[in-house]
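**Q** Supplied structure: structure-v1.cif, mmCIF, C-alpha atoms and all ligand atoms.
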data_input
loop_
_atom_site.label_atom_id
_atom_site.label_comp_id
_atom_site.auth_asym_id
_atom_site.auth_seq_id
_atom_site.Cartn_x
_atom_site.Cartn_y
_atom_site.Cartn_z
CA MET H 1 40.88 26.27 -58.84
CA CYS H 2 42.32 29.36 -60.59
CA ASN H 3 40.14 32.08 -62.16
CA GLU H 4 40.75 30.84 -65.72
CA GLU H 5 39.56 27.35 -64.81
CA ILE H 6 36.45 28.74 -63.15
CA GLN H 7 35.71 30.82 -66.27
CA GLU H 8 36.18 27.73 -68.50
CA LYS H 9 33.78 25.74 -66.32
CA ARG H 10 31.16 28.49 -66.55
CA GLU H 11 31.37 28.50 -70.36
CA ASP H 12 30.88 24.71 -70.34
CA THR H 13 27.69 25.03 -68.35
CA VAL H 14 24.54 24.39 -70.37
CA LYS H 15 21.34 26.11 -69.31
CA VAL H 16 18.32 23.85 -69.33
CA GLU H 17 14.97 25.57 -69.62
CA ILE H 18 12.38 23.68 -67.63
CA ASP H 19 8.88 24.71 -68.63
CA LYS H 20 7.15 22.04 -66.56
CA PRO H 21 7.24 21.41 -62.83
CA VAL H 22 9.73 18.69 -61.89
CA THR H 23 6.88 16.48 -60.62
CA ASP H 24 5.28 16.51 -64.10
CA VAL H 25 8.54 15.31 -65.65
CA ASN H 26 8.86 12.62 -62.98
CA ASP H 27 5.26 11.50 -63.50
CA ALA H 28 5.70 11.26 -67.27
CA ILE H 29 8.70 8.94 -66.81
CA ALA H 30 6.78 6.98 -64.14
CA SER H 31 3.96 6.42 -66.65
CA ASN H 32 6.53 5.14 -69.16
CA ASN H 33 7.94 2.76 -66.55
CA SER H 34 4.49 1.52 -65.69
CA GLY H 35 3.61 1.03 -69.38
CA TYR H 36 6.81 -0.93 -69.99
CA LEU H 37 6.09 -3.14 -66.97
CA MET H 38 2.51 -3.68 -68.17
CA GLU H 39 3.82 -4.86 -71.55
CA ASN H 40 6.07 -7.34 -69.73
CA LYS H 41 3.20 -8.39 -67.45
CA THR H 42 5.49 -7.58 -64.52
CA PHE H 43 3.60 -6.36 -61.45
CA SER H 44 5.61 -3.67 -59.65
CA ILE H 45 5.58 -2.94 -55.95
CA ASN H 46 6.98 0.14 -54.23
CA LEU H 47 8.08 -1.09 -50.79
CA MET H 48 8.50 1.72 -48.28
CA GLY H 49 9.20 2.00 -44.56
CA SER H 50 11.62 3.25 -41.92
CA PRO H 51 15.28 2.21 -41.94
CA GLY H 52 15.44 -1.26 -40.40
CA SER H 53 11.67 -1.83 -40.40
CA GLY H 54 12.26 -5.15 -42.20
CA LYS H 55 11.84 -4.28 -45.90
CA THR H 56 14.55 -6.63 -47.18
CA THR H 57 13.34 -9.40 -44.84
CA VAL H 58 9.84 -8.99 -46.31
CA ILE H 59 11.26 -9.25 -49.87
CA GLU H 60 13.17 -12.42 -48.93
CA ASN H 61 10.00 -14.00 -47.58
CA LEU H 62 7.69 -12.90 -50.41
CA ALA H 63 10.24 -14.14 -52.97
CA SER H 64 10.28 -17.52 -51.29
CA VAL H 65 6.48 -17.77 -51.87
CA PHE H 66 6.55 -16.37 -55.45
CA GLY H 67 9.75 -18.28 -56.31
CA PRO H 68 13.10 -16.44 -56.49
CA ASP H 69 13.22 -16.81 -60.30
CA ASN H 70 9.90 -15.06 -60.56
CA VAL H 71 11.02 -11.87 -58.81
CA ALA H 72 13.36 -9.01 -59.71
CA VAL H 73 14.35 -6.37 -57.17
CA ILE H 74 15.48 -2.78 -57.46
CA GLN H 75 17.28 -1.97 -54.26
CA GLY H 76 17.41 1.67 -53.15
CA ASP H 77 19.87 2.71 -50.45
CA LEU H 78 21.92 5.82 -49.77
CA GLU H 79 25.10 3.75 -49.88
CA SER H 80 26.31 0.11 -50.08
CA ASP H 81 25.15 -3.09 -51.75
CA VAL H 82 24.57 -5.02 -48.53
CA ASP H 83 20.90 -5.79 -49.27
CA LYS H 84 21.62 -6.63 -52.93
CA LYS H 85 24.14 -9.25 -51.80
CA ARG H 86 21.61 -10.68 -49.33
CA LEU H 87 19.01 -11.10 -52.08
CA GLU H 88 21.48 -12.45 -54.66
CA LYS H 89 22.42 -15.21 -52.20
CA LEU H 90 18.82 -16.42 -52.55
CA GLY H 91 19.06 -16.36 -56.35
CA ILE H 92 17.05 -13.15 -56.80
CA ASP H 93 18.03 -10.79 -59.67
CA CYS H 94 18.76 -7.43 -58.11
CA TYR H 95 19.82 -3.98 -59.31
CA GLN H 96 21.34 -1.58 -56.77
CA ILE H 97 20.70 2.16 -56.81
CA ASN H 98 22.76 4.29 -54.44
CA THR H 99 21.14 7.69 -54.01
CA HIS H 100 24.04 9.03 -51.84
CA SER H 101 22.24 11.99 -50.23
CA GLY H 102 18.83 11.43 -51.91
CA CYS H 103 16.10 10.35 -49.49
CA HIS H 104 13.87 8.57 -52.05
CA LEU H 105 13.94 6.95 -55.47
CA ASN H 106 12.54 8.77 -58.47
CA ALA H 107 11.13 7.58 -61.79
CA GLN H 108 14.33 8.38 -63.72
CA MET H 109 16.43 6.18 -61.41
CA VAL H 110 13.95 3.32 -61.79
CA ASN H 111 13.89 3.84 -65.58
CA ARG H 112 17.66 3.34 -65.75
CA ALA H 113 17.39 0.22 -63.60
CA LEU H 114 14.66 -1.19 -65.86
CA MET H 115 17.00 -0.88 -68.85
CA GLU H 116 19.60 -3.00 -67.01
CA LEU H 117 17.33 -5.61 -65.40
CA LYS H 118 16.20 -8.64 -67.38
CA LEU H 119 12.50 -8.68 -66.64
CA LYS H 120 11.46 -11.31 -69.14
CA ASN H 121 9.35 -13.93 -67.36
CA LYS H 122 9.44 -12.04 -64.06
CA GLU H 123 5.95 -11.76 -62.66
CA TYR H 124 6.99 -9.36 -59.90
CA LEU H 125 9.31 -6.39 -59.55
CA ILE H 126 9.81 -5.28 -55.95
CA ILE H 127 11.39 -1.86 -55.49
CA GLU H 128 12.84 -1.35 -52.02
CA ASN H 129 12.71 2.41 -51.57
CA VAL H 130 15.14 4.33 -49.38
CA GLY H 131 14.32 3.82 -45.67
CA ASN H 132 12.23 6.84 -44.77
CA LEU H 133 8.69 7.60 -43.65
CA VAL H 134 8.40 10.97 -45.41
CA CYS H 135 10.31 11.51 -48.68
CA PRO H 136 9.14 8.50 -50.77
CA ALA H 137 5.46 9.27 -50.09
CA GLY H 138 3.51 10.30 -53.17
CA VAL H 139 6.51 10.01 -55.53
CA ARG H 140 5.46 7.98 -58.58
CA ILE H 141 8.13 5.61 -59.86
CA GLY H 142 6.01 3.32 -62.06
CA GLN H 143 4.57 1.12 -59.32
CA HIS H 144 1.30 -0.77 -59.48
CA MET H 145 1.08 -1.12 -55.72
CA ASN H 146 2.41 0.59 -52.58
CA ILE H 147 3.36 -1.46 -49.52
CA VAL H 148 4.43 0.12 -46.22
CA VAL H 149 6.44 -2.08 -43.87
CA SER H 150 5.93 -0.72 -40.38
CA SER H 151 7.36 -2.71 -37.50
CA THR H 152 6.07 -3.02 -33.94
CA THR H 153 9.42 -1.81 -32.58
CA GLU H 154 8.85 1.64 -34.15
CA GLY H 155 5.87 2.22 -31.85
CA SER H 156 2.14 2.27 -32.47
CA ASP H 157 2.04 6.07 -32.82
CA LYS H 158 3.72 6.10 -36.25
CA PRO H 159 0.55 6.41 -38.39
CA ARG H 160 -0.48 9.43 -36.32
CA LYS H 161 2.96 11.08 -36.60
CA TYR H 162 3.75 10.18 -40.22
CA PRO H 163 0.36 9.88 -41.93
CA VAL H 164 1.68 10.85 -45.36
CA ILE H 165 3.41 7.50 -46.01
CA PHE H 166 0.24 5.56 -45.10
CA HIS H 167 -2.05 7.70 -47.19
CA ASP H 168 -1.51 5.90 -50.52
CA ALA H 169 -0.62 2.48 -49.09
CA ASP H 170 -2.46 -0.44 -50.67
CA ILE H 171 -1.00 -2.76 -48.05
CA VAL H 172 0.38 -2.02 -44.58
CA LEU H 173 2.41 -4.74 -42.92
CA ILE H 174 2.57 -4.68 -39.15
CA HIS H 175 5.92 -6.42 -39.09
CA LYS H 176 8.05 -7.94 -36.28
CA MET H 177 4.89 -9.20 -34.60
CA ASP H 178 7.09 -11.56 -32.53
CA LEU H 179 8.35 -8.46 -30.68
CA ALA H 180 4.95 -6.77 -30.20
CA GLU H 181 4.50 -7.79 -26.59
CA ALA H 182 8.08 -6.96 -25.58
CA VAL H 183 7.73 -3.39 -26.88
CA GLU H 184 4.13 -2.99 -25.64
CA PHE H 185 2.81 -2.37 -29.14
CA SER H 186 -0.81 -1.24 -29.11
CA GLU H 187 -2.32 -2.94 -32.13
CA TYR H 188 -5.76 -1.49 -31.41
CA ASN H 189 -4.56 2.15 -31.57
CA TYR H 190 -2.38 1.45 -34.59
CA VAL H 191 -5.13 -0.13 -36.66
CA GLU H 192 -7.63 2.54 -35.63
CA ASP H 193 -5.27 5.31 -36.81
CA ILE H 194 -4.48 3.60 -40.12
CA THR H 195 -8.17 3.11 -40.77
CA LYS H 196 -8.80 6.82 -40.23
CA ILE H 197 -5.96 7.85 -42.57
CA ASN H 198 -6.61 5.29 -45.28
CA PRO H 199 -9.63 3.03 -44.86
CA LYS H 200 -8.79 1.17 -48.10
CA ALA H 201 -5.40 -0.12 -46.89
CA ARG H 202 -5.24 -3.87 -46.31
CA ILE H 203 -3.45 -4.61 -43.05
CA PHE H 204 -1.48 -7.83 -42.51
CA ARG H 205 0.57 -9.00 -39.53
CA THR H 206 3.95 -10.56 -40.33
CA SER H 207 7.04 -11.87 -38.59
CA LYS H 208 10.23 -13.45 -39.86
CA LYS H 209 9.78 -16.00 -37.07
CA GLU H 210 6.59 -17.18 -38.77
CA GLN H 211 7.19 -17.68 -42.48
CA GLY H 212 3.55 -18.68 -42.97
CA SER H 213 2.54 -15.10 -42.15
CA PHE H 214 3.77 -13.99 -45.60
CA LYS H 215 1.59 -16.43 -47.53
CA GLU H 216 -1.61 -14.44 -47.09
CA VAL H 217 0.20 -11.25 -48.18
CA ALA H 218 1.65 -13.00 -51.24
CA HIS H 219 -1.77 -14.33 -52.22
CA HIS H 220 -3.33 -10.89 -51.94
CA ILE H 221 -0.58 -9.44 -54.19
CA GLU H 222 -1.07 -12.31 -56.60
CA HIS H 223 -4.79 -11.51 -56.85
CA GLN H 224 -4.03 -7.84 -57.54
CA ARG H 225 -1.69 -8.93 -60.31
CA HIS H 226 -4.41 -11.15 -61.67
CA HIS H 227 -6.84 -8.21 -61.72
CA LEU H 228 -4.34 -6.09 -63.65
CA PHE H 229 -3.12 -8.68 -66.15
CA GLY H 230 -5.81 -11.33 -66.10
CA HIS H 231 -3.38 -14.15 -65.43
CA LEU H 232 -3.16 -16.15 -62.22
CA HIS H 233 -0.10 -18.15 -61.29
CA SER H 234 -0.91 -20.59 -58.50
CA HIS H 235 1.46 -21.54 -55.67
N1 LIG H 301 12.59 -10.15 -34.36
C1 LIG H 301 12.45 -9.83 -35.65
N2 LIG H 301 13.46 -9.20 -36.28
C2 LIG H 301 13.29 -8.89 -37.59
C3 LIG H 301 12.09 -9.20 -38.29
N3 LIG H 301 12.24 -8.75 -39.58
C4 LIG H 301 13.46 -8.21 -39.66
N4 LIG H 301 14.10 -8.28 -38.48
C5 LIG H 301 15.46 -7.79 -38.16
O1 LIG H 301 15.44 -6.37 -38.29
C6 LIG H 301 16.68 -5.90 -38.82
C7 LIG H 301 16.43 -5.07 -40.07
O2 LIG H 301 15.83 -5.88 -41.08
P1 LIG H 301 15.97 -5.53 -42.62
O3 LIG H 301 15.15 -6.51 -43.36
O4 LIG H 301 17.42 -5.42 -42.99
O5 LIG H 301 15.31 -4.10 -42.63
P2 LIG H 301 15.30 -3.01 -43.81
O6 LIG H 301 14.06 -2.23 -43.63
O7 LIG H 301 15.51 -3.65 -45.12
O8 LIG H 301 16.56 -2.12 -43.42
P3 LIG H 301 17.25 -0.95 -44.32
O9 LIG H 301 17.36 -1.46 -45.72
O10 LIG H 301 18.57 -0.76 -43.66
O11 LIG H 301 16.34 0.25 -44.20
C8 LIG H 301 17.52 -7.15 -39.09
O12 LIG H 301 18.38 -7.34 -38.00
C9 LIG H 301 16.49 -8.26 -39.16
O13 LIG H 301 17.00 -9.53 -38.81
C10 LIG H 301 11.04 -9.87 -37.58
O14 LIG H 301 9.96 -10.16 -38.08
N5 LIG H 301 11.27 -10.11 -36.27
MG MG H 302 16.88 -3.20 -46.64
#
Produce structure tokens that represent the structure in this file.
**A**
Amino acid sequence: MCNEEIQEKREDTVKVEIDKPVTDVNDAIASNNSGYLMENKTFSINLMGSPGSGKTTVIENLASVFGPDNVAVIQGDLESDVDKKRLEKLGIDCYQINTHSGCHLNAQMVNRALMELKLKNKEYLIIENVGNLVCPAGVRIGQHMNIVVSSTTEGSDKPRKYPVIFHDADIVLIHKMDLAEAVEFSEYNYVEDITKINPKARIFRTSKKEQGSFKEVAHHIEHQRHHLFGHLHSH
């Protein structure tokens, strides 16, 4: 780039005065998202966990209990639409966000997705956050519930090492239970640590090899939706 071009670019630059911390701006948009979802009676879930912990598998299984037509998904990944394609094969409406280098979703990204998604008659919006046990923690995006998917293969020391993600979890799934024995997962230590960090978290054990294990989770979510909106859909 020659000097003239650089000068032209500088003159094009607009200075934005930010008089509020970035988190305040994010939280204001998150409240808007949440209000919009409330109006639609769409219960929104922020699904977090490590890369490969089983987040998309959990969505597939929950959607099969709720009914694929009843669920919309916002899919957050650094790159690709692999998970979106997986969910669309099951008839689930899905909007892909690629954050490129961003390690979590924010309220503005979700706001844009909400404008594109057709939420009418959807009882549930599941937002698969970027796979990460640190960055998405505490970032409001307009969710009514936080779920952490933590799999046995990650090791039972994860709550102790990454407490921040478990701190605000309403539900923790101990996922890939079928592999627990093979990886010598210590359920006792794991549950004890979670209980210390966040005694209010509901803990469920799930496995893709046992589809019935998702029913109890789905029913708990359904009850939370009922509490918020006063309407129970029975399955
Ligand atoms: N044995 C076993 N494998 C599982 C289970 N759940 C998921 N997997 C496998 O774990 C891998 C990752 O699952 P995904 O559902 O793609 O995980 P994810 O968290 O969405 O992954 P990213 O979106 O890449 O972060 C896949 O190969 C799944 O088949 C389970 O309960 N048991
Ligand atoms: Mg996924």
**Q** Using atom O14 of ligand LIG 301 (chain H) and CA of Ile165 (chain H) as the two end points, give the distance in Å to one decimal.
**A**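 For atom O14 of ligand LIG 301 (chain H) relative to CA of Ile165 (chain H), the distance reads 20.4 Å.
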**Q** Go through H:Met109, H:Ala30, H:Ile221, H:Leu119 one by one, measure the shortest atom-to-atom distance of each to Met145 (chain H) using only C-alpha atoms, and give the residue with the smallest value.
**A**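 Result for the nearest residue to Met145 (chain H): H:Ile221.
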**Q** I need the residue nearest Gly212 (chain H) from this list: H:Gly49, H:Asn61, H:Asn33, H:Leu228. Use only C-alpha atoms for the distance.
**A**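 Distance minimum relative to Gly212 (chain H) lands on H:Asn61.
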**Q** Name the residues, by chain letter and number, that sit within 10 Å of ligand MG 302 (chain H) using only C-alpha atoms and all ligand atoms, and give them as a list of chain:residue names.
**A**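 Counting only C-alpha atoms and all ligand atoms, the residues within 10 Å of ligand MG 302 (chain H) come out as H:Leu47, H:Met48, H:Gly49, H:Ser50, H:Pro51, H:Gly52, H:Ser53, H:Gly54, H:Lys55, H:Thr56, H:Thr57, H:Val58, H:Ile59, H:Gln75, H:Gly76, H:Asp77, H:Asp81, H:Val82, H:Asp83, H:Lys84, H:Arg86, H:Leu87, H:Glu128, H:Asn129, H:Val130, H:Gly131.
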**Q** Please determine, counting all atoms listed in the file, which residue among H:Ala169, H:Thr152, H:Tyr188, H:Val73 has the shortest atom-to-atom distance to ligand LIG 301 (chain H).
**A**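 Answer, going by the shortest atom-to-atom distance: H:Thr152.
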**Q** Hey, what's within 12 Å of Ile197 (chain H) if we count all atoms listed in the file and toss same-chain stuff fewer than 3 positions away? As a PyMOL selection string, please?
**A** chain H and resi 158-169+172+190-194+200-201
**Q** State, in Å with one decimal place, the distance from atom C1 of ligand LIG 301 (chain H) to CA of Arg202 (chain H).
**A** 21.5 Å
**Q** Determine the axis-aligned bounding box of all atoms of ligand LIG 301 (chain H) present in the file, pad each side by 5 Å, and express its centre and edge lengths in Å to one decimal place as lines of an AutoDock Vina configuration file.
**A**
center_x = 14.3
center_y = -5.0
center_z = -40.0
size_x = 18.6
size_y = 20.4
size_z = 21.4
**Q** State, in Å with one decimal place, the distance from atom O12 of ligand LIG 301 (chain H) to CA of His144 (chain H).
**A** 28.2 Å
**Q** Name all residues at most 8 Å from Gln108 (chain H) (count all atoms listed in the file; drop same-chain ones fewer than 6 positions away) and give them as a ChimeraX atom specification.
**A** /H:26,29-30,141
**Q** Just checking: using all atoms listed in the file, which residue out of H:Asp178, H:Asp170, H:Glu39, H:Glu116 ends up closest to ligand LIG 301 (chain H)?
**A**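 Of H:Asp178, H:Asp170, H:Glu39, H:Glu116, the one nearest ligand LIG 301 (chain H) is H:Asp178, counting all atoms listed in the file.
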**Q** Considering all atoms listed in the file, state which residue in the set H:Ala107, H:Met115, H:Ser64, H:Ile74 is at the smallest distance from Leu90 (chain H).
**A**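 With all atoms listed in the file as the atom set, the closest residue is H:Ser64.
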**Q** Which residues come within 12 Å of Ser31 (chain H), counting all atoms listed in the file, excluding same-chain residues fewer than 6 positions away, as a PyMOL selection string?
**A** chain H and resi 24-25+37-38+107-108+110-111+139-144
**Q** Any chance you could export the current selection's C-alpha atoms as a PDB file, keeping the file's coordinate frame?
**A**
ATOM      1  CA  ASP H  24       5.280  16.510 -64.100  1.00  0.00           C
ATOM      2  CA  VAL H  25       8.540  15.310 -65.650  1.00  0.00           C
ATOM      3  CA  LEU H  37       6.090  -3.140 -66.970  1.00  0.00           C
ATOM      4  CA  MET H  38       2.510  -3.680 -68.170  1.00  0.00           C
ATOM      5  CA  ALA H 107      11.130   7.580 -61.790  1.00  0.00           C
ATOM      6  CA  GLN H 108      14.330   8.380 -63.720  1.00  0.00           C
ATOM      7  CA  VAL H 110      13.950   3.320 -61.790  1.00  0.00           C
ATOM      8  CA  ASN H 111      13.890   3.840 -65.580  1.00  0.00           C
ATOM      9  CA  VAL H 139       6.510  10.010 -55.530  1.00  0.00           C
ATOM     10  CA  ARG H 140       5.460   7.980 -58.580  1.00  0.00           C
ATOM     11  CA  ILE H 141       8.130   5.610 -59.860  1.00  0.00           C
ATOM     12  CA  GLY H 142       6.010   3.320 -62.060  1.00  0.00           C
ATOM     13  CA  GLN H 143       4.570   1.120 -59.320  1.00  0.00           C
ATOM     14  CA  HIS H 144       1.300  -0.770 -59.480  1.00  0.00           C
TER      15      HIS H 144
END
**Q** Neighbouring residues of Leu179 (chain H) were defined as those with any atom within 12 Å, considering all atoms listed in the file; residues of the same chain fewer than 4 positions away were excluded. Please report them as a count of residues only.
**A** 16
**Q** Between H:Cys135, H:Cys103, H:Val22, H:Ile45, which is the closest to Gln224 (chain H) once you count all atoms listed in the file?
**A**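 Distance minimum relative to Gln224 (chain H) lands on H:Ile45.
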**Q** Around the point (3.4, -9.3, -65.8) in the file's coordinates, collect all residues with an atom within 8 Å, using all atoms listed in the file, and return them as a PyMOL selection string.
**A** chain H and resi 37-43+121-124+225+229
